[in-house]
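Undergrad: Have a look at the structure that comes next, please.
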2 protein chains.
Amino acid sequence: MTTSEKPATTGQPAQTDDLPRHVVSVDVVLLTLSERKLRVLLVKRRARPFEGMWSIPGGFVRVDEGLEEAARRMLAENADARNIYLEQLYTFGETQRDPRTRVITVVYYALVDQARIAVRTSADAEETRWFPLYDLPALAFDHATLLEYTLQRLRGKLEYTTIGFQLLPPAFTLGELQVVYEAILDRKLDKRNFRKKILSTDILEPTELTKMEGPHRPARLYRFHPGAAR
Amino acid sequence: MTTSEKPATTGQPAQTDDLPRHVVSVDVVLLTLSERKLRVLLVKRRARPFEGMWSIPGGFVRVDEGLEEAARRMLAENADARNIYLEQLYTFGETQRDPRTRVITVVYYALVDQARIAVRTSADAEETRWFPLYDLPALAFDHATLLEYTLQRLRGKLEYTTIGFQLLPPAFTLGELQVVYEAILDRKLDKRNFRKKILSTDILEPTELTKMEGPHRPARLYRFHPGAAR
DNA sequence: ACAAAAGTGTTGAGAGTACACCCATGC
DNA sequence: GCATGGGTGTACTCTCAACACTTTTGT
C-alpha cells in the first residue's frame, strides 16, 4: 500500500477558503548499489538555510500535484530513470523545523538499479553525488536521522518482501543478490545458507543464461518468478 | 520514531508567501479492547460530504500546530484520556480524494485501555460509538481501507514490539494479555505456548498480587518489566 | 459438586547456523 | 597453473506447534 486514494476529514464543512493552509514538501531518499556498497543521492544546497551543506533532494508540493507524483518529479529533477520503486516513509510536521516558515515534509524512499540511472545536477543544487550510506558528510536539517529510519525500514522489509530485488537488473546472479543483502544488512552472510534460503522460497527461476565476467566460473542468471506471492 | 523534529526541503529559497499551500487534515484511528473484541471509535458525520455516514474522527491541522499535536487534539475532542499511545500510520495525498477541495490527510492510530477512556460526542458529530473491528458499518471516504492498513501495521508490530500492552492496564494477567493477542490476530492461540513465549522474553515481571474475579482460581498479575528492550 | 479460568511439560518438525571443498573460467 | 568467484551437503541447535490434566476459586 504505497499508494492510495482515500479519505479526508471530518469537521464542519467550512468554506474551503477559510481553512488553514500549509506549505508541504516532499523529500526523496534515493538509494542504489554500486561497488558492493549502498549509496544515497545527495545534493549540495545552493540556497539557505544550510547553504553549501549536503542534503536529501526535495521540493515543494504543487497545488494540483499528488504526493507520489511530487516525489517522482523530485526524482526526475535529479536523475534519469523510469519506473523507480518508490515508497512513502514518514511525514514530519513539527512546527519549528524550518527557519523560514512552517513546512510539513513527506518523505519517500526509492530504490534503483545503478545501471538504469544517470544523475543530473538540478538548477537549485551546486552539485549532486552518490555517497556511501555508511560514510556520509554532515547533512542539513536532521537528514541523518531520516537516513537511519530509511535503513531501518529497508532492513525490516528485506526479510519478508522482495524489496531487495529493486536494486538489481531483471536478471542477476545469486552472488549479486547476496551482495545486495549484505550491503543492506551491513554484515557478511554464509553463501550456502543464503542460496538455500532464497531458492527454497521459489521466488526465483533460473534462466538459460549465464553471466561471464572475470576469471572464474560463469554464474547462472535468475529472474524474479512471474507468479510469486509477497 | 513516532515523533521527530526534522527536515524540510531543498529548492530555491523563494519568498515564503509565494509557496503553494495545502489544506492538511489528521485522522485518528482509535482502537480499544472490550468484551474480548478489538473496537474502533467512529463518528456519524453531521456535515457533507458523506453526511450521516460513519467515519474515522479527524479534522484540519491548524497553522501553528504540529501533526502529532493535531492528532492529540482530535483524540481530546472525541474522548477523555491522557497519555494515549499514538503512532503515525500513513499520509494520503492524491489530489481528488475530497470533493470539496484538495486535502492531504495524515493518518495516526492510537491504542488505549478501555478502562482509561470515556467517549464524548463532539460538536460536529451526530453520534460517536465503538464498533467491533470485524463487524463494521459502511464507512465514508475509503476509511475501510485505512482500517485494514492499521490492522496490518498492528499485527506486524505485535510480533516484535510490546505494542499490545497499550490495550491493557499497568497490571494484567497473562490471560488478559492473550485475549489482546487473539483479538488483534483474530485467531485462537495455545495457552501454554503463549505463556512460554511471553515469559521467555523477560519483558514481564510478576507482582505480588492476584486478580480474583469470577468462580475460578485467581490469576497472577504481571507488569511491564522496568528495564526491557524492544 | 460443579463450573470456570489458572497454571504447567514433553515431543516432533522445521528453520537457522556453522562449516570446507571442488568447479569453470580468464589471464 | 593460479587466482577468482560459482556451486554444493550435512550435522547441530533452537524455535514453533500440537497436545491434556490438575488447581483454586465462587456459587
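In the C-alpha cells, each chain is lettered A, B, ... as it comes, each chain's residues begin at 1, and ligands are numbered from 1 in order of appearance.
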Please report, as an MDAnalysis selection string, each residue of range 4-148 of chain B to which DSSP assigns strand (DSSP E or B) when run on this structure's backbone.
TA: chainID B and resid 22:34 37:45 54:55 58:60 79:80 85:92 103:111 118:119 125:132 139
Undergrad: As a compact mmCIF listing (two decimals) with C-alpha atoms, in the first residue's frame, please: the residues near range 167-183 of chain A (cut-off 6 Å, only C-alpha atoms (C1' of nucleotides), same-chain neighbours under 5 positions excluded).
TA:
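Below you can see around15.txt, which holds the result:
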# COMPACT_ATOMS: atom_id res chain seq x y z
CA LYS A 37 28.08 -0.51 -1.33
CA LEU A 38 24.69 1.03 -0.67
CA LEU A 111 15.49 2.05 -4.84
CA VAL A 112 17.04 1.75 -8.26
CA ASP A 113 19.42 -0.45 -10.19
CA LYS A 188 28.55 -10.98 5.71
CA ARG A 220 23.70 -18.69 -13.66
CA LEU A 221 21.33 -15.77 -14.15
CA TYR A 222 18.00 -15.86 -12.32
CA ARG A 223 14.91 -13.76 -12.68
Undergrad: Just asking: which residues within range 29-220 of chain A are helix (DSSP H, G or I) according to DSSP, as a PyMOL selection string?
TA: chain A and resi 67-78+114-116+143-160+163-167+174-185+191-200
Undergrad: Quick one: distance from C1' of DT24 in chain D to CA of Lys211 in chain B in Å, one decimal?
TA: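 CA of Lys211 in chain B lies at a distance of 12.4 Å from C1' of DT24 in chain D.
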Undergrad: Please check the contacts: residues of chain A at most 6 Å away from chain D, using only C-alpha atoms (C1' of nucleotides), listed as a list in words.
TA: Pro215, His216, Arg217 and Ala219 of chain A
Undergrad: What are the residues of chain C lining chain B at 9 Å or less? Count only C-alpha atoms (C1' of nucleotides), and put the answer as an MDAnalysis selection string.
TA: chainID C and resid 3:8
Undergrad: Write a file of the selected residues as a JSON list (two decimals), in the first residue's frame, keeping N, CA and C atoms (P, O5', C5', C4', C3', O3' and C1' of nucleotides).
TA:
[["chain", "number", "residue", "atom", "x", "y", "z"],
["C", 3, "DA", "P", -21.15, -28.67, 35.59],
["C", 3, "DA", "O5'", -20.99, -27.17, 35.13],
["C", 3, "DA", "C5'", -21.56, -26.13, 35.93],
["C", 3, "DA", "C4'", -20.63, -24.93, 35.94],
["C", 3, "DA", "C3'", -19.83, -24.74, 34.65],
["C", 3, "DA", "O3'", -19.88, -23.36, 34.34],
["C", 3, "DA", "C1'", -18.38, -24.73, 36.51],
["C", 4, "DA", "P", -19.35, -22.81, 32.93],
["C", 4, "DA", "O5'", -17.97, -22.12, 33.33],
["C", 4, "DA", "C5'", -18.01, -20.93, 34.12],
["C", 4, "DA", "C4'", -16.60, -20.58, 34.46],
["C", 4, "DA", "C3'", -15.66, -20.62, 33.25],
["C", 4, "DA", "O3'", -15.04, -19.38, 33.09],
["C", 4, "DA", "C1'", -14.74, -21.80, 35.08],
["C", 5, "DA", "P", -14.45, -18.95, 31.62],
["C", 5, "DA", "O5'", -12.89, -18.72, 31.89],
["C", 5, "DA", "C5'", -12.52, -17.60, 32.70],
["C", 5, "DA", "C4'", -11.34, -17.99, 33.54],
["C", 5, "DA", "C3'", -10.02, -18.09, 32.75],
["C", 5, "DA", "O3'", -9.05, -17.29, 33.40],
["C", 5, "DA", "C1'", -10.34, -19.98, 34.13],
["C", 6, "DA", "P", -7.50, -17.33, 33.15],
["C", 6, "DA", "O5'", -7.03, -18.25, 34.38],
["C", 6, "DA", "C5'", -7.03, -17.71, 35.68],
["C", 6, "DA", "C4'", -6.01, -18.44, 36.55],
["C", 6, "DA", "C3'", -4.58, -18.38, 36.00],
["C", 6, "DA", "O3'", -3.72, -18.21, 37.11],
["C", 6, "DA", "C1'", -5.34, -20.64, 36.04],
["C", 7, "DG", "P", -2.20, -17.81, 36.85],
["C", 7, "DG", "O5'", -1.53, -19.24, 36.61],
["C", 7, "DG", "C5'", -1.27, -20.07, 37.73],
["C", 7, "DG", "C4'", -0.91, -21.46, 37.26],
["C", 7, "DG", "C3'", 0.32, -21.53, 36.36],
["C", 7, "DG", "O3'", 1.37, -22.17, 37.07],
["C", 7, "DG", "C1'", -1.40, -23.00, 35.66],
["C", 8, "DT", "P", 2.88, -22.05, 36.52],
["C", 8, "DT", "O5'", 3.40, -23.56, 36.54],
["C", 8, "DT", "C5'", 2.56, -24.61, 36.99],
["C", 8, "DT", "C4'", 2.76, -25.86, 36.14],
["C", 8, "DT", "C3'", 3.97, -25.86, 35.20],
["C", 8, "DT", "O3'", 4.59, -27.14, 35.25],
["C", 8, "DT", "C1'", 2.05, -26.41, 34.00]]
Undergrad: Using CA of Leu189 in chain A and C1' of DA20 in chain C as the two end points, give the distance in Å to one decimal.
TA: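 Those two atoms sit 15.9 Å apart.
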Undergrad: With only C-alpha atoms as the basis for distance, which of A:Leu86, A:Met74, A:Leu33, A:Ala138 is at the shortest distance from chain B?
TA: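 Going through A:Leu86, A:Met74, A:Leu33, A:Ala138 one by one, the smallest distance to chain B is for A:Met74.
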